[in-house]
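The structure appears right after this line, and notes come after that.
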Amino acid sequence: MFTVNANYQKLPGSYLFSTVAKKVAAYQKENPDADIIRLGIGDVTQPIAPAIISALHKAVDEMGNAETFHGYAPDLGYEFLREAIRKNDYEARGCDIAADEIFISDGAKSDSGNIQELFSEDNIVAVTDPVYPVYVDSNVMGGRLGTFDPKSEKWSELIYMPSVAENNFVPDFPEKTPDIIYLCIPNNPTGTSMTKDEVQGWVDYANRNGCVIIYDAAYEAYITEDNVPHSIYECDGARECAIEIRSFSKKAGFTGLRLGFTVVPKDLKQGGVSLRDMWARRHGTKFNGAPYIVQRAGEAVYSPEGSAQVSAQVASYMKNAHAIKDGLSDLGYNAYGGVNSPYIWLKTPNGMSSWDFFDFLLEKANIVGTPGSGFGPSGEGYFRLTAFGTYENSIRALERIKNL
Ligand code: MLT
């Protein structure tokens with residue numbers, strides 16, 4: 001008789017964004033004429049940039065020709081893409097990362113969910129709270145987080161590092177020393193970030209205490225302030241303690257194309273075992289690569305035209321972010337983020353719970369956002385809006401909130 005992975009039975013409810021989508025679908029069914037503005041899941045809305053589309057077309061044509069056809073991709077990803085990443089994302093920022101430390105994947109969500117496989121079940125995990133739910137749920141699946149207490153909405157073995165307005169969204173080092181630390185900078189969901197000195201503090205902490213940092217930099221393209229690092233490898237000693245995960249989704253609108261990568265430096269070792277070699281082994285066994293055409297599209301993101309076009313897209317989302325954040329502040333809301341990130345994190349009015357505010361906004365203004373409590377207990381009383389809509393919808397949403 002087979003038995004199931006009992007850890008899955010511990011997961012409460014459904015994945016946050018599935019719950020939100022179900023609620024919105026039910027509302028839309030009841031109210032078919034409602035003109036809903038969707039500022040919930042952080043999904044891009046602008047089409048893929050022209051230089052990237054040209055590269056895709058060219059690659060598609062190559063696939064139809066025996067001389068230029070491509071079958072299985074190399075385990076780590078195509079050299080042309082890994083080299084473009086090494087040069088543009090790392091060398092250009094003074095980071096010492098080699099092309100064979102870069103692993104191409106189908107996105108940051110998969111990598112951030114899969115990376116926990118490299119660590120034994122008894123590792124203690126720490127997350128900032130609120131947090132991108134994938135880090136928590138995937139560690140539940142890996143059997144690391146103990147049991148869930150529905151009252152406190154906490155996992156018994158997980159270290160929560162509150163990241164709230166009171167500490168300026170920069171968590172303190174935890175009282176109990178963890179083994180694995182997840183950091184997402186700029187942060188999803190709070191939209192806030194850390195300075196290079198603050199990230200350096202975490203790198204030093206990790207090296208002092210034998211921790212590994214899983215550094216999610218999916219939103220680095222949105223950084224506008226000089227003192228926020230684009231990569232953890234800008235910090236001294238990060239090659240010995242950090243894994244970095246990146247995405248083309250938010251940088252270049254690839255949420256539907258799927259492309260990302262993870263960097264595992266060769267200096268990251270435990271007991272003489274190289275995590276880079278472990279990840280290479282995993283890739284070789286479980287993954288057959290992002291499609292050739294998508295990797296060519298990724299390469300085009302770094303071309304002069306592609307780079308200018310995706311920067312313009314990011315700038316236009318940031319225009320929305322500024323409009324939403326400033327507009328909310330003018331209306332008297334406490335709003336955070338939106339400076340180095342496409343997310344605006346606001347305090348719900350009149351002490352409303354996050355889910356009550358979700359229902360209120362959906363019913364009274366036909367606006368969808370994401371309840372802060374869905375990202376962790378310290379997210380209660382907060383709410384997330386994304387700047388990934390159109391400018392017009394961002395302004396319309398503000399008008400509706402003003403008229404509430
Ligand atoms: C979000 O809305 O937090 C993200 O879009 C989800 C994701 O990137 O998987």
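Scheme for the structure tokens: letters A, B, ... for chains in order shown; per-chain residue numbers from 1; ligand numbers from 1 in order shown.
For stretch 277-291 of chain A, the set of protein, DNA and RNA residues having any atom at most 6 Å away, when counting only C-alpha atoms and skipping those fewer than 5 positions along the same chain, is A:Ala73, A:Asp75, A:Ser105, A:Asp106.
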How about saving the chosen residues, N, CA and C atoms kept, as an mmCIF file, in the first residue's frame?
```cif
data_model
loop_
_atom_site.group_PDB
_atom_site.id
_atom_site.type_symbol
_atom_site.label_atom_id
_atom_site.label_comp_id
_atom_site.auth_asym_id
_atom_site.auth_seq_id
_atom_site.Cartn_x
_atom_site.Cartn_y
_atom_site.Cartn_z
ATOM 1 N N ALA A 73 18.353 21.144 -24.132
ATOM 2 C CA ALA A 73 19.304 22.212 -23.789
ATOM 3 C C ALA A 73 20.379 21.632 -22.867
ATOM 4 N N ASP A 75 22.505 21.088 -19.526
ATOM 5 C CA ASP A 75 21.977 21.023 -18.148
ATOM 6 C C ASP A 75 21.852 22.385 -17.469
ATOM 7 N N SER A 105 16.695 28.408 -15.422
ATOM 8 C CA SER A 105 15.519 27.618 -15.041
ATOM 9 C C SER A 105 14.267 28.209 -15.672
ATOM 10 N N ASP A 106 13.134 27.641 -15.313
ATOM 11 C CA ASP A 106 11.872 28.161 -15.843
ATOM 12 C C ASP A 106 11.265 29.201 -14.913
#
```
### Task
Go through the chains and note each residue within 7 Å of ligand 1, using only C-alpha atoms and all ligand atoms, then give the set as JSON, numbers by chain.
{"A": [40, 41, 42, 43, 109, 132, 188, 189]}
Would you put the residues from that selection into a file with N, CA and C atoms, as a PDB file, in the first residue's frame?
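Output below, filename selection_32.pdb:
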```pdb
ATOM      1  N   GLY A  40      -4.086  42.626  -7.722  1.00  0.00           N
ATOM      2  CA  GLY A  40      -3.773  41.574  -6.755  1.00  0.00           C
ATOM      3  C   GLY A  40      -2.453  40.905  -7.072  1.00  0.00           C
ATOM      4  N   ILE A  41      -2.505  39.792  -7.781  1.00  0.00           N
ATOM      5  CA  ILE A  41      -1.262  39.065  -8.082  1.00  0.00           C
ATOM      6  C   ILE A  41      -0.331  39.943  -8.912  1.00  0.00           C
ATOM      7  N   GLY A  42       0.948  39.817  -8.649  1.00  0.00           N
ATOM      8  CA  GLY A  42       1.929  40.642  -9.349  1.00  0.00           C
ATOM      9  C   GLY A  42       2.221  40.127 -10.737  1.00  0.00           C
ATOM     10  N   ASP A  43       1.200  40.168 -11.579  1.00  0.00           N
ATOM     11  CA  ASP A  43       1.406  39.698 -12.953  1.00  0.00           C
ATOM     12  C   ASP A  43       1.480  40.906 -13.883  1.00  0.00           C
ATOM     13  N   LYS A 109       9.988  31.149  -9.127  1.00  0.00           N
ATOM     14  CA  LYS A 109       9.061  30.440  -8.235  1.00  0.00           C
ATOM     15  C   LYS A 109       9.506  28.984  -8.088  1.00  0.00           C
ATOM     16  N   TYR A 132       6.889  35.938   1.005  1.00  0.00           N
ATOM     17  CA  TYR A 132       6.389  35.250  -0.193  1.00  0.00           C
ATOM     18  C   TYR A 132       6.070  33.803   0.200  1.00  0.00           C
ATOM     19  N   ASN A 188       9.052  41.313  -1.580  1.00  0.00           N
ATOM     20  CA  ASN A 188       7.668  40.942  -1.837  1.00  0.00           C
ATOM     21  C   ASN A 188       7.188  40.297  -0.550  1.00  0.00           C
ATOM     22  N   PRO A 189       6.173  40.785   0.127  1.00  0.00           N
ATOM     23  CA  PRO A 189       5.150  41.693  -0.369  1.00  0.00           C
ATOM     24  C   PRO A 189       5.288  43.169   0.034  1.00  0.00           C
TER      25      PRO A 189
END
```
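Remark: for A:Val127, the closest of the candidate residues A:Ala99, A:Ala335, A:Val263, A:Met161 is A:Met161 (distances computed over only C-alpha atoms).
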### Task
Just the residues within 7 Å of stretch 343-348 of chain A, please, counting only C-alpha atoms, with nothing from its chain fewer than 2 positions along; format it as an MDAnalysis selection string.
chainID A and resid 189:191 321 325 333:338 341 350:352 354 357 381:387
#### Entry: Expected answer as an MDAnalysis selection string: strand (DSSP E) residues in stretch 9-235 of chain A
chainID A and resid 37:38 102:105 125:129 148:149 154:155 159:162 180:184 212:216
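Excluding A:Asp330 itself and any same-chain residue fewer than 4 positions from it, the protein and nucleic acid residues within 12 Å of it, counting only C-alpha atoms, are His322, Ala323, Ile324, Lys325, Asp326, Asn334, Ala335, Leu398, Glu399, Ile401 and Lys402 of chain A.
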Mind writing the picked residues with all heavy atoms as an mmCIF file, in the first residue's frame?
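And here's selection-v7.cif as it stands now:
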```
data_model
loop_
_atom_site.group_PDB
_atom_site.id
_atom_site.type_symbol
_atom_site.label_atom_id
_atom_site.label_comp_id
_atom_site.auth_asym_id
_atom_site.auth_seq_id
_atom_site.Cartn_x
_atom_site.Cartn_y
_atom_site.Cartn_z
ATOM 1 N N HIS A 322 4.437 55.038 -8.155
ATOM 2 C CA HIS A 322 4.509 56.363 -7.498
ATOM 3 C C HIS A 322 3.119 56.974 -7.388
ATOM 4 O O HIS A 322 2.761 57.546 -6.355
ATOM 5 C CB HIS A 322 5.430 57.297 -8.288
ATOM 6 C CG HIS A 322 6.851 56.840 -8.289
ATOM 7 N ND1 HIS A 322 7.733 57.097 -9.301
ATOM 8 C CD2 HIS A 322 7.539 56.100 -7.388
ATOM 9 C CE1 HIS A 322 8.907 56.538 -9.030
ATOM 10 N NE2 HIS A 322 8.804 55.936 -7.867
ATOM 11 N N ALA A 323 2.336 56.846 -8.482
ATOM 12 C CA ALA A 323 0.992 57.446 -8.468
ATOM 13 C C ALA A 323 0.132 56.795 -7.379
ATOM 14 O O ALA A 323 -0.562 57.497 -6.623
ATOM 15 C CB ALA A 323 0.330 57.276 -9.835
ATOM 16 N N ILE A 324 0.201 55.474 -7.264
ATOM 17 C CA ILE A 324 -0.626 54.774 -6.265
ATOM 18 C C ILE A 324 -0.168 55.161 -4.857
ATOM 19 O O ILE A 324 -0.971 55.515 -3.994
ATOM 20 C CB ILE A 324 -0.558 53.239 -6.454
ATOM 21 C CG1 ILE A 324 -1.163 52.832 -7.804
ATOM 22 C CG2 ILE A 324 -1.285 52.516 -5.314
ATOM 23 C CD1 ILE A 324 -0.958 51.368 -8.170
ATOM 24 N N LYS A 325 1.139 55.106 -4.655
ATOM 25 C CA LYS A 325 1.641 55.384 -3.303
ATOM 26 C C LYS A 325 1.348 56.838 -2.896
ATOM 27 O O LYS A 325 0.818 57.091 -1.806
ATOM 28 C CB LYS A 325 3.137 55.130 -3.232
ATOM 29 C CG LYS A 325 3.627 55.279 -1.814
ATOM 30 C CD LYS A 325 5.068 55.017 -1.694
ATOM 31 C CE LYS A 325 5.475 55.218 -0.249
ATOM 32 N NZ LYS A 325 6.911 55.213 -0.114
ATOM 33 N N ASP A 326 1.665 57.778 -3.778
ATOM 34 C CA ASP A 326 1.437 59.192 -3.432
ATOM 35 C C ASP A 326 -0.049 59.464 -3.268
ATOM 36 O O ASP A 326 -0.471 60.188 -2.367
ATOM 37 C CB ASP A 326 2.029 60.110 -4.520
ATOM 38 C CG ASP A 326 3.549 60.005 -4.554
ATOM 39 O OD1 ASP A 326 4.110 59.387 -3.625
ATOM 40 O OD2 ASP A 326 4.157 60.509 -5.516
ATOM 41 N N ASN A 334 -1.422 55.081 5.372
ATOM 42 C CA ASN A 334 0.002 54.836 5.576
ATOM 43 C C ASN A 334 0.425 53.849 4.504
ATOM 44 O O ASN A 334 0.044 52.678 4.537
ATOM 45 C CB ASN A 334 0.259 54.237 6.961
ATOM 46 C CG ASN A 334 0.032 55.260 8.046
ATOM 47 O OD1 ASN A 334 0.406 56.417 7.904
ATOM 48 N ND2 ASN A 334 -0.622 54.839 9.123
ATOM 49 N N ALA A 335 1.192 54.343 3.535
ATOM 50 C CA ALA A 335 1.583 53.500 2.406
ATOM 51 C C ALA A 335 3.099 53.388 2.339
ATOM 52 O O ALA A 335 3.815 54.379 2.556
ATOM 53 C CB ALA A 335 1.031 54.082 1.111
ATOM 54 N N LEU A 398 -7.449 54.596 -7.733
ATOM 55 C CA LEU A 398 -7.295 55.637 -6.713
ATOM 56 C C LEU A 398 -8.567 56.463 -6.559
ATOM 57 O O LEU A 398 -8.981 56.780 -5.444
ATOM 58 C CB LEU A 398 -6.149 56.564 -7.111
ATOM 59 C CG LEU A 398 -4.772 56.203 -6.617
ATOM 60 C CD1 LEU A 398 -3.751 57.164 -7.203
ATOM 61 C CD2 LEU A 398 -4.697 56.233 -5.092
ATOM 62 N N GLU A 399 -9.150 56.824 -7.688
ATOM 63 C CA GLU A 399 -10.406 57.601 -7.675
ATOM 64 C C GLU A 399 -11.483 56.847 -6.897
ATOM 65 O O GLU A 399 -12.212 57.420 -6.087
ATOM 66 C CB GLU A 399 -10.907 57.837 -9.118
ATOM 67 C CG GLU A 399 -10.286 59.046 -9.784
ATOM 68 C CD GLU A 399 -10.518 60.333 -8.999
ATOM 69 O OE1 GLU A 399 -11.683 60.635 -8.673
ATOM 70 O OE2 GLU A 399 -9.527 61.019 -8.691
ATOM 71 N N ILE A 401 -11.041 54.565 -4.615
ATOM 72 C CA ILE A 401 -10.709 54.512 -3.178
ATOM 73 C C ILE A 401 -11.055 55.858 -2.536
ATOM 74 O O ILE A 401 -11.596 55.913 -1.421
ATOM 75 C CB ILE A 401 -9.218 54.146 -2.968
ATOM 76 C CG1 ILE A 401 -8.975 52.712 -3.447
ATOM 77 C CG2 ILE A 401 -8.798 54.299 -1.518
ATOM 78 C CD1 ILE A 401 -7.530 52.252 -3.454
ATOM 79 N N LYS A 402 -10.805 56.922 -3.271
ATOM 80 C CA LYS A 402 -11.113 58.267 -2.760
ATOM 81 C C LYS A 402 -12.608 58.407 -2.481
ATOM 82 O O LYS A 402 -13.010 59.041 -1.499
ATOM 83 C CB LYS A 402 -10.675 59.286 -3.830
ATOM 84 C CG LYS A 402 -10.689 60.707 -3.383
ATOM 85 C CD LYS A 402 -10.091 61.563 -4.482
ATOM 86 C CE LYS A 402 -10.345 63.024 -4.221
ATOM 87 N NZ LYS A 402 -9.862 63.819 -5.340
#
```
### Task
Go through stretch 257-337 of chain A and collect every residue that DSSP, computed from the backbone, puts in alpha helix (DSSP H); the answer should be as a ChimeraX atom specification.
/A:275-286,292-301,304-330
### Query
Can you tell me, as a PyMOL selection string, what residues are no more than 9 Å from A:Ser54 when counting only C-alpha atoms, ignoring any on the same chain fewer than 4 positions away?
chain A and resi 49-50+58-59+297+300
#### Entry: All residues 6 Å or closer to A:Glu220, only C-alpha atoms, same chain fewer than 3 positions away omitted, as a PyMOL selection string
chain A and resi 217+223+230
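Shortest atom-to-atom contact with A:Asp172 among A:Gly327, A:Gly201, A:Pro12, A:Pro74: A:Gly201, counting only C-alpha atoms.
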Restrict the calculation to only C-alpha atoms, then for each residue of stretch 48-104 of chain A with any atom at most 7 Å from an atom of stretch 241-261 of chain A give the closest atom pair and their distance in Å to one decimal, rows by chain and rising residue number, as a tab-separated table.
```
residue	atom	partner	partner_atom	distance
A:Ile48	CA	A:Gly253	CA	6.0
A:Ile102	CA	A:Phe261	CA	6.6
A:Phe103	CA	A:Phe261	CA	5.3
A:Ile104	CA	A:Phe261	CA	4.3
```
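For the set A:Leu362, A:Cys235, A:Val368, A:Met141, the residue with the smallest atom-to-atom gap to A:Val4 is A:Met141, counting only C-alpha atoms.
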